[in-house]
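As provided, work-v4.cif (mmCIF, C-alpha atoms) reads as follows.
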data_structure
loop_
_atom_site.label_atom_id
_atom_site.label_comp_id
_atom_site.auth_asym_id
_atom_site.auth_seq_id
_atom_site.Cartn_x
_atom_site.Cartn_y
_atom_site.Cartn_z
CA MET A 217 133.30 32.21 -22.42
CA LYS A 218 135.12 35.54 -22.54
CA VAL A 219 136.08 35.23 -18.87
CA LEU A 220 137.37 31.69 -19.45
CA GLY A 221 139.43 32.90 -22.41
CA ALA A 222 140.88 35.76 -20.38
CA ILE A 223 141.81 33.37 -17.56
CA ILE A 224 143.55 30.98 -19.97
CA VAL A 225 145.43 33.81 -21.66
CA LEU A 226 146.53 35.28 -18.34
CA LEU A 227 147.58 31.85 -17.03
CA PHE A 228 149.68 30.97 -20.06
CA GLY A 229 151.01 34.51 -20.42
CA SER A 230 152.28 34.51 -16.84
CA LEU A 231 153.71 31.00 -17.38
CA LEU A 232 155.63 32.25 -20.44
CA ILE A 233 156.89 35.32 -18.58
CA TYR A 234 157.92 33.08 -15.66
CA CYS A 235 159.84 30.87 -18.09
CA THR A 236 161.81 33.83 -19.45
CA LEU A 237 163.51 34.07 -16.05
CA ASP A 238 165.48 30.96 -17.03
CA PHE A 239 166.75 32.63 -20.20
CA PRO A 240 170.33 33.84 -20.34
CA SER A 241 170.51 37.63 -20.13
CA TRP A 242 170.61 39.57 -23.39
CA GLY A 243 174.00 39.48 -25.10
CA ASP A 244 175.46 37.07 -22.51
CA PRO A 245 178.71 35.65 -23.97
CA ALA A 246 178.43 32.54 -21.78
CA SER A 247 174.95 31.58 -23.04
CA PRO A 248 174.72 28.27 -24.96
CA ALA A 249 173.74 30.03 -28.19
CA SER A 250 176.93 32.09 -28.29
CA THR A 251 179.43 29.48 -27.09
CA HIS A 252 179.17 26.65 -29.64
CA VAL A 253 178.21 27.65 -33.15
CA SER A 254 178.24 31.47 -33.20
CA PRO A 255 182.01 31.87 -32.69
CA TYR A 256 182.61 29.60 -35.69
CA TYR A 257 180.46 31.83 -37.92
CA ILE A 258 182.02 35.03 -36.61
CA GLU A 259 185.58 33.75 -37.08
CA ASN A 260 185.28 31.81 -40.33
CA THR A 261 182.54 33.38 -42.47
CA LEU A 262 184.82 35.76 -44.35
CA GLU A 263 187.41 33.06 -45.14
CA ASP A 264 184.75 30.49 -46.05
CA THR A 265 182.43 32.53 -48.24
CA ALA A 266 183.93 35.99 -48.85
CA VAL A 267 180.68 37.52 -47.55
CA PRO A 268 181.11 40.32 -44.97
CA ASN A 269 177.48 40.16 -43.78
CA ILE A 270 177.44 37.12 -41.52
CA VAL A 271 173.63 37.00 -41.38
CA THR A 272 173.36 36.57 -45.15
CA ALA A 273 176.05 33.88 -45.16
CA VAL A 274 174.35 31.93 -42.37
CA LEU A 275 170.93 32.32 -43.96
CA ALA A 276 171.80 31.32 -47.51
CA ASP A 277 174.91 29.18 -47.15
CA TYR A 278 175.41 27.49 -43.77
CA ARG A 279 171.67 27.14 -43.21
CA GLY A 280 170.66 27.13 -46.87
CA TYR A 281 168.42 24.13 -46.45
CA ASP A 282 166.24 25.96 -43.90
CA THR A 283 165.96 29.01 -46.13
CA MET A 284 164.94 26.86 -49.09
CA PHE A 285 162.00 25.48 -47.16
CA GLU A 286 161.20 28.95 -45.82
CA THR A 287 160.79 29.96 -49.46
CA VAL A 288 158.64 26.89 -50.03
CA VAL A 289 156.50 27.92 -47.03
CA ILE A 290 155.92 31.38 -48.52
CA PHE A 291 155.16 29.79 -51.90
CA SER A 292 152.63 27.42 -50.33
CA ALA A 293 151.05 30.35 -48.48
CA GLY A 294 150.54 32.06 -51.83
CA ILE A 295 149.12 28.88 -53.38
CA ALA A 296 146.80 28.31 -50.39
CA CYS A 297 145.52 31.89 -50.64
CA PHE A 298 145.01 31.37 -54.37
CA PHE A 299 142.91 28.24 -53.87
CA LEU A 300 140.93 29.78 -51.00
CA LEU A 301 140.05 33.05 -52.69
CA ARG A 302 140.23 32.63 -56.44
CA SER A 303 136.84 32.24 -58.07
CA PHE A 304 136.94 31.09 -61.65
CA LYS A 305 133.29 31.77 -62.36
CA ARG A 306 133.39 34.90 -64.46
CA ILE A 307 130.19 36.89 -64.17
CA GLU A 308 130.66 39.80 -66.52
CA PRO A 309 128.36 42.67 -65.60
CA ASP A 310 126.00 43.78 -68.36
CA THR A 311 126.70 47.41 -67.68
CA ARG A 312 130.24 48.44 -68.43
CA LEU A 313 132.13 51.69 -68.18
CA TYR A 314 134.67 52.74 -70.75
CA ARG A 315 136.85 55.78 -71.09
CA HIS A 316 137.96 57.32 -74.34
CA VAL A 317 141.56 58.05 -73.44
CA PRO A 318 142.39 60.94 -75.84
CA THR A 319 139.34 63.01 -74.83
CA GLY A 320 138.85 61.71 -71.32
CA ILE A 321 135.13 61.13 -71.87
CA THR A 322 133.67 58.32 -69.79
CA PHE A 323 130.66 56.48 -71.15
CA ARG A 324 128.42 53.73 -69.96
CA ILE A 325 127.10 50.89 -72.08
CA GLU A 326 123.93 49.17 -70.92
CA LYS A 327 122.85 45.62 -71.70
CA GLY A 328 122.41 45.00 -75.40
CA GLY A 329 124.80 47.70 -76.46
CA ARG A 330 127.93 47.05 -78.44
CA TYR A 331 131.10 47.10 -76.32
CA PRO A 332 134.11 48.78 -77.94
CA ARG A 333 137.17 46.63 -78.45
CA GLU A 334 139.93 47.11 -75.86
CA SER A 335 142.52 49.27 -77.54
CA VAL A 336 144.82 52.17 -76.83
CA ASP A 337 141.90 54.56 -77.27
CA PHE A 338 139.28 52.77 -75.20
CA GLU A 339 140.11 51.76 -71.67
CA ARG A 340 137.69 49.75 -69.59
CA ILE A 341 137.25 51.08 -66.06
CA ASP A 342 135.73 49.74 -62.85
CA LEU A 343 132.02 50.08 -62.14
CA GLN A 344 132.61 51.62 -58.74
CA TRP A 345 135.02 54.02 -60.27
CA VAL A 346 136.77 56.80 -58.44
CA PRO A 347 138.60 59.32 -60.63
CA HIS A 348 142.35 58.96 -60.45
CA ASP A 349 143.83 61.53 -58.18
CA LEU A 350 146.40 63.42 -60.22
CA ILE A 351 148.76 64.05 -57.29
CA ILE A 352 148.73 60.43 -56.06
CA LYS A 353 149.06 59.05 -59.59
CA THR A 354 151.98 61.31 -60.54
CA THR A 355 153.79 60.82 -57.25
CA CYS A 356 153.51 57.04 -57.50
CA ARG A 357 154.67 57.11 -61.11
CA MET A 358 157.73 59.07 -60.02
CA ILE A 359 158.70 57.01 -56.98
CA ILE A 360 158.03 53.49 -58.32
CA PRO A 361 161.28 53.31 -60.37
CA PHE A 362 163.31 54.36 -57.36
CA ILE A 363 161.56 51.80 -55.15
CA GLN A 364 162.34 49.09 -57.69
CA ILE A 365 165.98 50.09 -58.04
CA PHE A 366 166.29 50.16 -54.26
CA ALA A 367 164.77 46.65 -54.13
CA LEU A 368 167.27 45.34 -56.67
CA TYR A 369 170.04 47.00 -54.66
CA VAL A 370 168.81 45.29 -51.50
CA ILE A 371 168.86 41.89 -53.23
CA ALA A 372 172.23 42.35 -54.88
CA HIS A 373 173.91 44.11 -51.97
CA GLY A 374 172.71 41.65 -49.33
CA HIS A 375 176.26 40.31 -49.08
CA HIS A 376 177.60 43.57 -47.70
CA SER A 377 174.70 45.30 -45.97
CA PRO A 378 171.47 44.28 -44.27
CA GLY A 379 169.02 42.91 -46.76
CA GLY A 380 168.68 40.01 -49.10
CA GLY A 381 166.14 38.13 -51.11
CA PHE A 382 163.23 38.35 -48.68
CA GLN A 383 163.40 42.07 -48.05
CA GLY A 384 164.19 42.95 -51.65
CA GLY A 385 161.41 40.73 -52.92
CA VAL A 386 158.91 42.31 -50.55
CA ILE A 387 159.94 45.82 -51.65
CA LEU A 388 159.66 44.82 -55.33
CA GLY A 389 156.20 43.43 -54.66
CA ALA A 390 155.28 46.62 -52.80
CA SER A 391 156.20 48.71 -55.83
CA VAL A 392 153.70 46.78 -57.96
CA ILE A 393 151.06 46.99 -55.21
CA ILE A 394 151.58 50.77 -54.98
CA PHE A 395 150.95 50.91 -58.73
CA ALA A 396 147.75 48.88 -58.34
CA VAL A 397 146.57 51.12 -55.50
CA SER A 398 147.32 54.39 -57.27
CA HIS A 399 145.80 53.34 -60.60
CA ASN A 400 143.49 50.34 -60.49
CA LEU A 401 143.79 46.59 -60.38
CA ARG A 402 143.01 46.19 -64.06
CA SER A 403 145.90 48.36 -65.26
CA SER A 404 148.18 46.45 -62.91
CA THR A 405 147.10 43.02 -64.15
CA ASN A 406 147.58 44.26 -67.70
CA ARG A 407 151.25 44.81 -66.91
CA ILE A 408 151.92 41.80 -64.68
CA SER A 409 149.28 39.21 -65.36
CA GLU A 410 148.20 36.54 -62.92
CA LYS A 411 149.82 33.86 -65.05
CA ASN A 412 153.19 35.59 -64.99
CA VAL A 413 152.95 36.07 -61.24
CA VAL A 414 152.37 32.36 -60.62
CA LEU A 415 155.13 31.47 -63.10
CA LEU A 416 157.54 33.84 -61.35
CA SER A 417 156.83 32.39 -57.93
CA THR A 418 157.41 28.82 -59.08
CA THR A 419 160.53 29.86 -61.02
CA GLY A 420 161.94 31.48 -57.88
CA VAL A 421 161.51 28.37 -55.76
CA LEU A 422 162.82 26.15 -58.56
CA LEU A 423 165.86 28.43 -59.06
CA TYR A 424 166.76 27.90 -55.42
CA ALA A 425 166.30 24.14 -55.65
CA ALA A 426 168.09 24.00 -59.01
CA THR A 427 171.14 25.73 -57.54
CA GLY A 428 171.26 23.01 -54.91
CA GLY A 429 170.70 20.32 -57.49
CA LEU A 430 173.48 21.72 -59.67
CA CYS A 431 175.90 21.39 -56.76
CA LEU A 432 174.70 17.80 -56.39
CA LEU A 433 175.32 17.12 -60.10
CA LEU A 434 178.81 18.60 -59.88
CA GLY A 435 179.71 15.98 -57.30
CA SER A 436 179.24 17.89 -54.07
CA ASN A 437 176.60 18.07 -51.34
CA PHE A 438 173.18 19.64 -51.88
CA LEU A 439 173.53 23.46 -51.65
CA ASP A 440 177.32 23.25 -51.21
CA TYR A 441 178.06 26.19 -53.51
CA SER A 442 181.83 25.63 -53.61
CA ALA A 443 181.14 23.06 -56.34
CA LEU A 444 179.95 25.91 -58.60
CA SER A 445 183.59 27.01 -58.99
CA GLN A 446 183.80 24.60 -61.96
CA ILE A 447 181.08 26.57 -63.77
CA PHE A 448 181.99 30.13 -62.86
CA GLY A 449 185.71 29.53 -63.20
CA VAL A 450 186.60 31.10 -59.87
CA ASP A 451 188.00 29.75 -56.64
CA SER A 452 185.67 27.90 -54.31
CA VAL A 453 185.36 30.77 -51.81
CA THR A 454 184.09 33.22 -54.45
CA ALA A 455 181.86 30.48 -55.86
CA ARG A 456 180.08 30.27 -52.51
CA SER A 457 179.48 34.02 -52.67
CA PHE A 458 178.05 33.64 -56.19
CA GLY A 459 175.88 30.75 -55.07
CA ILE A 460 174.44 32.91 -52.29
CA LEU A 461 173.58 35.59 -54.87
CA LEU A 462 171.84 33.00 -57.08
CA VAL A 463 169.61 31.71 -54.30
CA GLU A 464 168.89 35.26 -53.11
CA ILE A 465 167.61 36.09 -56.60
CA GLY A 466 165.41 32.98 -56.46
CA VAL A 467 164.04 33.98 -53.05
CA GLY A 468 163.44 37.53 -54.28
CA MET A 469 161.47 36.34 -57.31
CA ALA A 470 159.33 33.96 -55.28
CA VAL A 471 158.58 36.46 -52.51
CA MET A 472 157.78 39.27 -54.95
CA ALA A 473 155.39 37.10 -56.95
CA VAL A 474 153.66 35.70 -53.87
CA MET A 475 153.12 39.19 -52.42
CA ILE A 476 151.60 40.44 -55.68
CA SER A 477 149.43 37.32 -55.97
CA LEU A 478 148.20 37.73 -52.38
CA TYR A 479 147.31 41.34 -53.07
CA TYR A 480 145.53 40.59 -56.37
CA ASN A 481 143.41 37.89 -54.76
CA LEU A 482 142.63 39.81 -51.57
CA ALA A 483 141.84 43.15 -53.19
CA SER A 484 139.49 41.74 -55.83
CA ALA A 485 137.95 38.98 -53.65
CA GLY A 486 139.38 36.38 -56.04
CA LYS A 487 137.86 37.75 -59.23
CA GLN A 488 140.97 39.63 -60.32
CA ASP A 489 139.05 42.28 -62.22
CA GLU A 490 138.07 45.18 -59.97
CA GLY A 491 139.73 46.01 -56.72
CA LEU A 492 141.08 48.60 -54.39
CA MET B 21 169.64 57.87 -22.67
CA MET B 22 169.32 54.63 -24.65
CA TRP B 23 167.25 52.94 -21.96
CA LEU B 24 164.82 55.88 -22.02
CA ILE B 25 164.26 55.49 -25.78
CA GLN B 26 163.83 51.73 -25.32
CA LEU B 27 161.34 52.27 -22.51
CA ILE B 28 159.28 54.72 -24.57
CA ILE B 29 159.27 52.35 -27.56
CA LEU B 30 158.30 49.37 -25.38
CA ILE B 31 155.40 51.36 -23.88
CA ILE B 32 154.21 52.32 -27.38
CA VAL B 33 154.49 48.65 -28.44
CA VAL B 34 152.28 47.52 -25.56
CA VAL B 35 149.79 50.36 -26.07
CA THR B 36 149.45 49.79 -29.83
CA ALA B 37 149.14 46.02 -29.34
CA LEU B 38 146.34 46.46 -26.80
CA ALA B 39 144.65 49.12 -28.92
CA ALA B 40 144.82 46.94 -32.06
CA ILE B 41 142.84 44.14 -30.38
CA THR B 42 140.30 46.36 -28.62
CA VAL B 43 139.46 48.94 -31.30
CA LYS B 44 136.15 48.34 -33.11
CA ASP B 45 137.18 49.85 -36.43
CA LEU B 46 139.06 47.17 -38.40
CA LEU B 47 140.83 49.72 -40.60
CA GLY B 48 142.11 51.41 -37.45
CA ALA B 49 143.23 48.03 -36.12
CA ALA B 50 145.22 47.41 -39.31
CA ILE B 51 146.92 50.79 -39.04
CA LEU B 52 147.64 50.26 -35.33
CA PHE B 53 149.18 46.89 -36.20
CA GLY B 54 151.41 48.68 -38.71
CA ALA B 55 152.50 51.11 -36.00
CA TYR B 56 153.18 48.16 -33.69
CA SER B 57 155.35 46.52 -36.37
CA PHE B 58 157.25 49.73 -36.89
CA MET B 59 157.98 50.09 -33.19
CA MET B 60 159.14 46.46 -33.06
CA CYS B 61 161.40 47.28 -36.02
CA LEU B 62 162.95 50.13 -34.03
CA LEU B 63 163.50 47.75 -31.09
CA TRP B 64 165.26 45.20 -33.31
CA ALA B 65 167.44 47.97 -34.74
CA ILE B 66 168.40 49.15 -31.24
CA MET B 67 169.29 45.58 -30.24
CA GLY B 68 171.60 45.36 -33.27
CA ALA B 69 169.56 42.85 -35.30
CA VAL B 70 169.52 45.04 -38.39
CA ASP B 71 168.45 42.31 -40.82
CA VAL B 72 165.47 41.39 -38.65
CA ALA B 73 164.57 45.08 -38.33
CA PHE B 74 164.67 45.45 -42.10
CA THR B 75 162.40 42.43 -42.56
CA GLU B 76 160.00 43.70 -39.89
CA ALA B 77 159.84 47.13 -41.54
CA SER B 78 159.18 45.77 -45.03
CA VAL B 79 156.95 42.80 -44.19
CA GLY B 80 155.26 43.82 -40.95
CA ALA B 81 154.81 47.54 -41.41
CA GLY B 82 154.64 47.56 -45.20
CA ILE B 83 153.04 44.61 -46.94
CA SER B 84 150.90 43.11 -44.19
CA THR B 85 149.24 46.48 -43.49
CA VAL B 86 148.37 46.79 -47.19
CA LEU B 87 147.02 43.22 -47.26
CA PHE B 88 144.93 43.89 -44.13
CA VAL B 89 143.54 47.08 -45.68
CA ALA B 90 142.72 45.19 -48.88
CA ALA B 91 140.93 42.51 -46.86
CA VAL B 92 139.01 45.11 -44.81
CA PHE B 93 138.00 46.84 -48.03
CA ARG B 94 136.42 43.60 -49.24
CA THR B 95 134.57 42.82 -45.98
CA SER B 96 132.91 45.08 -43.42
CA ARG B 97 134.78 47.79 -41.67
CA ARG B 98 133.32 47.29 -38.21
CA THR B 99 133.61 44.17 -36.09
CA LYS B 100 130.44 42.37 -35.02
CA ASP B 101 131.61 41.48 -31.50
#

Written as structure tokens, how would this file's structure read?
Amino acid sequence: MKVLGAIIVLLFGSLLIYCTLDFPSWGDPASPASTHVSPYYIENTLEDTAVPNIVTAVLADYRGYDTMFETVVIFSAGIACFFLLRSFKRIEPDTRLYRHVPTGITFRIEKGGRYPRESVDFERIDLQWVPHDLIIKTTCRMIIPFIQIFALYVIAHGHHSPGGGFQGGVILGASVIIFAVSHNLRSSTNRISEKNVVLLSTTGVLLYAATGGLCLLLGSNFLDYSALSQIFGVDSVTARSFGILLVEIGVGMAVMAVMISLYYNLASAGKQDEGL
Amino acid sequence: MMWLIQLIILIIVVVTALAAITVKDLLGAAILFGAYSFMMCLLWAIMGAVDVAFTEASVGAGISTVLFVAAVFRTSRRTKD
């Protein structure tokens, strides 16, 4: 079986490499991709949308419909992972560990004992508990705000520099995941709960679709942002730039929430209580 | 000079890709996959596709490595085959 698999892989791999001989050479100005539609984008993007970064304009404006369904794909990936992994059967262990925060004393309550109420003083900790490393914890605490500000910059500055909703959303999600790794999953879900994560992901996708629907209501085509000039009170070129920002924010929210949801479900094997 | 850097990066890409599928330790495979993504990111950046490079760096080298590590943490670390 292994030999058969290797033969098939080699056969199709060599077929693919043989097919690349037909490709136009890299950066060839006479290739079909750069003769029909690319010159239009390069020449007209700045006049059409007032966005210097052509990639962002193509992604969110000229090909906005594709990007909307790309966001839907990421959203459905998150939902699929949720339904595959999430287990709703809560089996609470009889033995629990708590920490008295002011003194730092950890104590263990066996079956039959009275559990303290969750409060500022008593913090419940994982059964397979590893003490928080002071260096890792402090470093993460210090860099997380900068990561988040950088992510917001990437989303908002996608018009002028590389970046946009996808990258910014992933970095925002990574900041929350870093928090969950450096502390524990429970303290992370206390801050951003599972419910909020799912709400954020749906809101992101709906924000994208709603921007398109708003254009439709204002008497233009779906995702034709120039119609938004009636709302923002600017000319239609600037309105397209604003519309791109709106959908980028939607993409960022959806991607961030899906990344966090994937991590929560993977790290805790769907139980969302104790994890990495 | 540029072609030399590209050649070195391409060789590292091939080596990390082969190592990621042959290594028995799944945690090592996840880290090798992250290294592979990072080298691909450098290649995109050299070719001038900066947006793609940014996405590859954040998604490929960043998040997917973390998700792989989380999945390995919940299963067994060594492959059966």

Write out as CSV a residue-level contact list of chain A versus chain B with cut-off 9 Å: for each qualifying residue the closest pair of atoms and the distance in Å to one decimal, counting all atoms listed in the file, rows sorted by chain and residue number upward.
residue,atom,partner,partner_atom,distance
A:Val271,CA,B:Asp71,CA,7.4
A:Thr272,CA,B:Asp71,CA,8.7
A:Ser377,CA,B:Asp71,CA,8.6
A:Pro378,CA,B:Asp71,CA,5.0
A:Gly379,CA,B:Asp71,CA,6.0
A:Gly380,CA,B:Asp71,CA,8.6
A:Phe382,CA,B:Thr75,CA,7.4
A:Gln383,CA,B:Thr75,CA,5.6
A:Gly384,CA,B:Ser78,CA,8.8
A:Val386,CA,B:Ser78,CA,6.5
A:Ile387,CA,B:Ser78,CA,6.7
A:Gly389,CA,B:Ile83,CA,8.4
A:Ala390,CA,B:Ile83,CA,6.6
A:Ile393,CA,B:Val86,CA,8.5
A:Met475,CA,B:Ile83,CA,7.7
A:Leu478,CA,B:Leu87,CA,7.6
A:Tyr479,CA,B:Leu87,CA,6.1
A:Leu482,CA,B:Ala91,CA,5.7
A:Ala483,CA,B:Ala90,CA,4.8
A:Ser484,CA,B:Arg94,CA,7.5
A:Ala485,CA,B:Arg94,CA,6.6
A:Gly491,CA,B:Ala90,CA,8.4
A:Leu492,CA,B:Ala90,CA,6.7

Review point. Taking the file as shown, what set of residues would the PyMOL selection byres ((chain B and resi 40) around 12) give back, as an MDAnalysis selection string?
Key: chainID B and resid 32:39 41:57

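Between atom CA of A:Ile447 and atom CA of A:Ala367 the separation is 27.6 Å.
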
Point to revise | Who sits within 10 Å of A:Ala426, all atoms listed in the file, same chain under 5 positions skipped, as a list in words | key: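 Answer for this query is Thr419, Gly420, Val421, Cys431, Leu432, Phe438, Leu439, Leu462, Val463 and Gly466 of chain A.
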
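In this comparison, which uses all atoms listed in the file, the residue of A:Cys297, A:Thr287, A:Ser445, A:Leu343 approaching A:Arg312 most closely is A:Leu343.
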
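For the atom pair formed by atom CA of A:Gly468 and atom CA of A:Ile394, the distance is 17.8 Å, given to one decimal.
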
Practice item. Find the distance between atom CA of A:Gly328 and atom CA of A:Asp310 and write it in Å to one decimal. Key: 8.0 Å

Point to revise | Among the residues A:Leu415, A:Thr265, A:Pro318, A:Tyr369, the one that comes closest to A:Asp277 [using all atoms listed in the file] | key: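 Among A:Leu415, A:Thr265, A:Pro318, A:Tyr369, it is A:Thr265 that comes nearest to A:Asp277.
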
Check your understanding: For the file shown, what are the residues hit by the PyMOL selection byres ((chain A and resi 252-257) around 12), laid out as a list in words?
Key -> Pro245, Ala246, Ser247, Pro248, Ala249, Ser250, Thr251, Ile258, Glu259, Asn260, Thr261, Leu262, Glu263, Asp264, Thr265, Val267, Pro268, Asn269, Ile270, Val271, Thr272, Ala273, Val274, Leu275, Asp277, Tyr278 and Arg279 of chain A

Check your understanding: Using only C-alpha atoms, which of the listed residues (A:Leu368, A:Leu226, A:Ala455, A:Leu422) sits closest to A:Gly385?
Key ->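 Of A:Leu368, A:Leu226, A:Ala455, A:Leu422, the one nearest A:Gly385, counting only C-alpha atoms, is A:Leu368.
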
Review point. Taking the file as shown, what set of residues would the PyMOL selection byres ((chain A and resi 338) around 8) give back, as a list of chain:residue names?
Key: A:Tyr314, A:Arg315, A:His316, A:Val317, A:Pro332, A:Arg333, A:Glu334, A:Ser335, A:Val336, A:Asp337, A:Glu339, A:Arg340

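Distances to A:Ala470 were evaluated for A:Asn412, A:Gln344, A:Thr418, A:Asn406 using only C-alpha atoms, and the minimum falls at A:Thr418.
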
Practice item. Pick out the residues sitting within 12 Å of B:Trp23, and hand them over as a list in words; count all atoms listed in the file, and ignore anything fewer than 6 positions along from it in its own chain. Key: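 With the cut-off at 12 Å, the set is Ile29, Leu30, Leu63, Ile66 and Met67 of chain B.
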
Review point. Once you count all atoms listed in the file, which residues end up no further than 9 Å from (151.7, 33.9, -60.1) in the file's frame, shown as a list in words?
Key: Gly294, Ile295, Ser409, Glu410, Lys411, Asn412, Val413, Val414, Leu415, Leu416, Ser417, Thr418, Ala473, Val474, Ile476 and Ser477 of chain A

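For the choices A:Leu237, A:Gly280, A:Thr311, A:Phe298, the atom-to-atom distance to A:Tyr331 is smallest for A:Thr311 when using all atoms listed in the file.
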
Check your understanding: Could you pull the residues within 12 Å of A:Ala443, counting only C-alpha atoms, minus those fewer than 5 positions along the same chain, as a VMD selection string?
Key -> chain A and resid 427 to 438 448 to 459
